[in-house]
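**Student:** Okay, handing you the structure first.
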Amino acid sequence: QELVLQLGLLCLGSPLFGEIRSPSYPKPYPNNNISSWDLQVPKGYVVKLTFKYFDLEPSESCFYDYVKVSDKKDLGRYCGRLGSTTGNHPGRKEFVSKGNKMHLEFRSDFSNEDNGTVIPYRGFLAYYKAVDLDECDPNNAAENDERPQCQHFCHNYVGGYFCSCRIGYQLQSDRHSCKGKEKFYEIRGFQRRSPSCRKGGRSDLGSRGQGCRRQAQPHDVTSPFFLFPSGVQQ
């Protein structure tokens with residue numbers, strides 16, 4: 001097997017794109033061959049693969065020669081020639097993985113003969129590249145068995161994502177969840193938590209901060225009076 005990688009490498013050493021050829025391509029592939037390729041791109045990306053050229057022995061259900069594409073599940077088995085009535089030619093189909101890995105398997109049987117005539121099937125040429133994964137899409141999170149995404153806001157960028165919180169909340173150390181901030185108010189030189197005024201009180205915003213004070217009811221107020229020795233109220 002031959003896997004030709006181009007110069008599309010990150011500092012992590014994972015390729016951003018590459019080329020895959022069947023054995024001996026562009027010459028006819030050999031009989032009784034089993035080849036496989038494990039494609040991996042950096043985390044935060046998915047693999048997109050297309051066949052530039054595809055020419056395998058056609059058969060019903062691709063029983064003889066075939067290429068199988070898979071990631072966590074089978075993405076299909078393909079064989080045949082373009083325009084052939086049997087087989088399952090991939091055409092211009094784009095194969096996209098759910099995660100950052102994809103697996104290809106090529107198999108050929110003992111012969112490529114049709115009524116005693118050897119037919120030189122040339123195999124395939126495929127290209128793949130890394131495509132940014134939108135982690136903020138809940139469908140992607142579910143497919144990749146990720147933990148629940150951002151509690152409030154999710155922001156995707158090429159190769160990753162980050163979370164943020166609504167006003168009044170703070171992002172926690174797990175970088176996903178949000179917690180409300182505790183508000184403190186200064187009252188006459190000391191701090192206390194945000195006041196909760198009792199019934200009959202009201203919030204008072206003064207020069208020293210915010211607090212509560214009792215609001216006098218009508219029966220709480222009486223007219224002041226003085227008693228003089230004569231007993232007369234003035």
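In the structure tokens, chains take letters A, B, ... by order of appearance, with residues numbered from 1 within each chain and ligands from 1 in the order shown.
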From region 57-142 of chain A, collect each residue whose DSSP state is helix (DSSP H, G or I) and return the set as a list of chain:residue names.
**Tutor:** A:Glu60, A:Ser61, A:Cys62, A:Pro138, A:Asn139, A:Asn140, A:Ala141, A:Ala142
**Student:** Put those residues in a file: N, CA and C atoms, as a PDB file, in the first residue's frame.
**Tutor:**
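Once everything was written out, this is again_24.pdb:
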```pdb
ATOM      1  N   GLU A  60     -22.082  -7.608  -7.993  1.00  0.00           N
ATOM      2  CA  GLU A  60     -23.273  -7.348  -7.182  1.00  0.00           C
ATOM      3  C   GLU A  60     -22.875  -7.247  -5.710  1.00  0.00           C
ATOM      4  N   SER A  61     -23.328  -6.169  -5.071  1.00  0.00           N
ATOM      5  CA  SER A  61     -23.029  -5.897  -3.651  1.00  0.00           C
ATOM      6  C   SER A  61     -21.532  -5.780  -3.392  1.00  0.00           C
ATOM      7  N   CYS A  62     -20.754  -5.548  -4.466  1.00  0.00           N
ATOM      8  CA  CYS A  62     -19.296  -5.403  -4.347  1.00  0.00           C
ATOM      9  C   CYS A  62     -18.705  -6.577  -3.568  1.00  0.00           C
ATOM     10  N   PRO A 138     -24.876  20.887  18.409  1.00  0.00           N
ATOM     11  CA  PRO A 138     -25.184  19.776  19.328  1.00  0.00           C
ATOM     12  C   PRO A 138     -25.212  18.419  18.644  1.00  0.00           C
ATOM     13  N   ASN A 139     -25.483  18.378  17.350  1.00  0.00           N
ATOM     14  CA  ASN A 139     -25.457  17.102  16.634  1.00  0.00           C
ATOM     15  C   ASN A 139     -24.048  16.535  16.576  1.00  0.00           C
ATOM     16  N   ASN A 140     -23.056  17.391  16.374  1.00  0.00           N
ATOM     17  CA  ASN A 140     -21.668  16.936  16.367  1.00  0.00           C
ATOM     18  C   ASN A 140     -21.258  16.439  17.734  1.00  0.00           C
ATOM     19  N   ALA A 141     -21.676  17.129  18.791  1.00  0.00           N
ATOM     20  CA  ALA A 141     -21.319  16.712  20.149  1.00  0.00           C
ATOM     21  C   ALA A 141     -21.874  15.334  20.455  1.00  0.00           C
ATOM     22  N   ALA A 142     -23.106  15.078  20.026  1.00  0.00           N
ATOM     23  CA  ALA A 142     -23.724  13.785  20.296  1.00  0.00           C
ATOM     24  C   ALA A 142     -23.019  12.669  19.535  1.00  0.00           C
TER      25      ALA A 142
END
```
**Student:** Just the residues within 10 Å of Gly76 (chain A), please, counting only C-alpha atoms, with nothing from its chain fewer than 6 positions along; format it as a list in words.
**Tutor:** Val67, Lys68, Val69, Ser70, Asn88, Pro90 and Phe95 of chain A
**Student:** Export, as a PDB file, in the first residue's frame, the selected residues with N, CA and C atoms.
**Tutor:**
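Saved as result34.pdb:
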```pdb
ATOM      1  N   VAL A  67     -13.648  -1.245  -2.080  1.00  0.00           N
ATOM      2  CA  VAL A  67     -13.076  -0.318  -1.098  1.00  0.00           C
ATOM      3  C   VAL A  67     -14.166  -0.025  -0.082  1.00  0.00           C
ATOM      4  N   LYS A  68     -13.840  -0.183   1.196  1.00  0.00           N
ATOM      5  CA  LYS A  68     -14.798   0.111   2.267  1.00  0.00           C
ATOM      6  C   LYS A  68     -14.318   1.332   3.041  1.00  0.00           C
ATOM      7  N   VAL A  69     -15.228   2.279   3.238  1.00  0.00           N
ATOM      8  CA  VAL A  69     -14.926   3.511   3.973  1.00  0.00           C
ATOM      9  C   VAL A  69     -15.691   3.479   5.289  1.00  0.00           C
ATOM     10  N   SER A  70     -15.025   3.819   6.384  1.00  0.00           N
ATOM     11  CA  SER A  70     -15.691   3.793   7.695  1.00  0.00           C
ATOM     12  C   SER A  70     -15.026   4.781   8.637  1.00  0.00           C
ATOM     13  N   ASN A  88     -21.109  -0.439  -7.225  1.00  0.00           N
ATOM     14  CA  ASN A  88     -21.529   0.755  -6.482  1.00  0.00           C
ATOM     15  C   ASN A  88     -20.408   1.781  -6.582  1.00  0.00           C
ATOM     16  N   PRO A  90     -18.532   5.264  -6.377  1.00  0.00           N
ATOM     17  CA  PRO A  90     -18.725   6.416  -5.480  1.00  0.00           C
ATOM     18  C   PRO A  90     -18.992   7.720  -6.205  1.00  0.00           C
ATOM     19  N   PHE A  95     -17.081  11.966   1.376  1.00  0.00           N
ATOM     20  CA  PHE A  95     -17.187  11.194   2.614  1.00  0.00           C
ATOM     21  C   PHE A  95     -16.646  12.053   3.752  1.00  0.00           C
TER      22      PHE A  95
END
```
**Student:** Need to verify the contact set: Lys43 (chain A), 12 Å, only C-alpha atoms, exclusion of same-chain residues closer than 3 positions in sequence. Can you return it as a PyMOL selection string?
**Tutor:** chain A and resi 10+12-16+40+46-47+98-101+130-135+144+158-161
**Student:** Apply DSSP to the structure's backbone, then extract all residues of region 46-198 of chain A labelled strand (DSSP E) and return them as a VMD selection string.
**Tutor:** chain A and resid 46 to 55 66 to 70 74 to 78 95 to 96 101 to 107 113 to 114 117 to 118 123 to 132 153 to 157 160 to 164 169 to 171 178 to 180 184 to 187 190 to 193
**Student:** Quick check, in Å to one decimal: how far apart do CA of Ser35 (chain A) and CA of His89 (chain A) lie?
**Tutor:**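 So the two atoms, CA of Ser35 (chain A) and CA of His89 (chain A), lie 19.0 Å apart.
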**Student:** Give the answer as one residue: which of A:Gly91, A:Asn112, A:Phe63, A:His176 has the shortest atom-to-atom distance to Cys163 (chain A), using only C-alpha atoms?
**Tutor:** A:His176
**Student:** Could you give me, as a PyMOL selection string, the residues within 12 Å of region 102-104 of chain A, counting only C-alpha atoms and dropping anything in the same chain fewer than 4 positions from it?
**Tutor:** chain A and resi 1+3+20-22+34-41+45-51+66-78+95-98+124+126+128-130
**Student:** Using only C-alpha atoms, determine which residues lie at most 8 Å from Gly80 (chain A), disregarding the query and same-chain residues fewer than 2 positions distant; provide the list as a PyMOL selection string.
**Tutor:** chain A and resi 54-59+62+78+82+84+86-89
**Student:** Please dump the current selection as a compact mmCIF listing (two decimals), in the first residue's frame; keep N, CA and C atoms.
**Tutor:**
```txt
# COMPACT_ATOMS: atom_id res chain seq x y z
N PHE A 54 -11.57 6.17 -9.91
CA PHE A 54 -12.04 4.93 -9.29
C PHE A 54 -12.37 3.92 -10.37
N ASP A 55 -11.68 2.75 -10.35
CA ASP A 55 -11.86 1.73 -11.38
C ASP A 55 -11.57 0.36 -10.77
N LEU A 56 -12.62 -0.26 -10.23
CA LEU A 56 -12.50 -1.59 -9.62
C LEU A 56 -13.44 -2.57 -10.31
N GLU A 57 -13.12 -3.84 -10.21
CA GLU A 57 -13.96 -4.87 -10.80
C GLU A 57 -15.39 -4.75 -10.26
N PRO A 58 -16.39 -4.62 -11.14
CA PRO A 58 -17.77 -4.50 -10.67
C PRO A 58 -18.35 -5.86 -10.30
N SER A 59 -19.20 -5.87 -9.30
CA SER A 59 -19.91 -7.09 -8.89
C SER A 59 -21.12 -6.71 -8.06
N CYS A 62 -20.75 -5.55 -4.47
CA CYS A 62 -19.30 -5.40 -4.35
C CYS A 62 -18.70 -6.58 -3.57
N TYR A 78 -17.68 0.08 -1.96
CA TYR A 78 -17.75 0.60 -3.32
C TYR A 78 -16.88 -0.22 -4.28
N LEU A 82 -17.08 3.83 -13.68
CA LEU A 82 -18.03 4.90 -13.91
C LEU A 82 -18.96 4.53 -15.07
N SER A 84 -20.91 1.85 -15.10
CA SER A 84 -21.21 0.42 -15.13
C SER A 84 -22.57 0.16 -14.49
N THR A 86 -23.45 -2.60 -12.88
CA THR A 86 -23.31 -3.35 -11.63
C THR A 86 -22.27 -2.67 -10.74
N GLY A 87 -22.31 -3.02 -9.49
CA GLY A 87 -21.37 -2.41 -8.55
C GLY A 87 -21.97 -1.19 -7.87
N ASN A 88 -21.11 -0.44 -7.23
CA ASN A 88 -21.53 0.75 -6.48
C ASN A 88 -20.41 1.78 -6.58
N HIS A 89 -20.42 2.52 -7.67
CA HIS A 89 -19.36 3.50 -7.92
C HIS A 89 -19.58 4.73 -7.04
```
**Student:** Nearest to Asn33 (chain A): which of A:Glu182, A:Glu105, A:Tyr53, A:Pro120 is it, counting only C-alpha atoms?
**Tutor:**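 Comparing A:Glu182, A:Glu105, A:Tyr53, A:Pro120 against Asn33 (chain A), the winner is A:Glu105.
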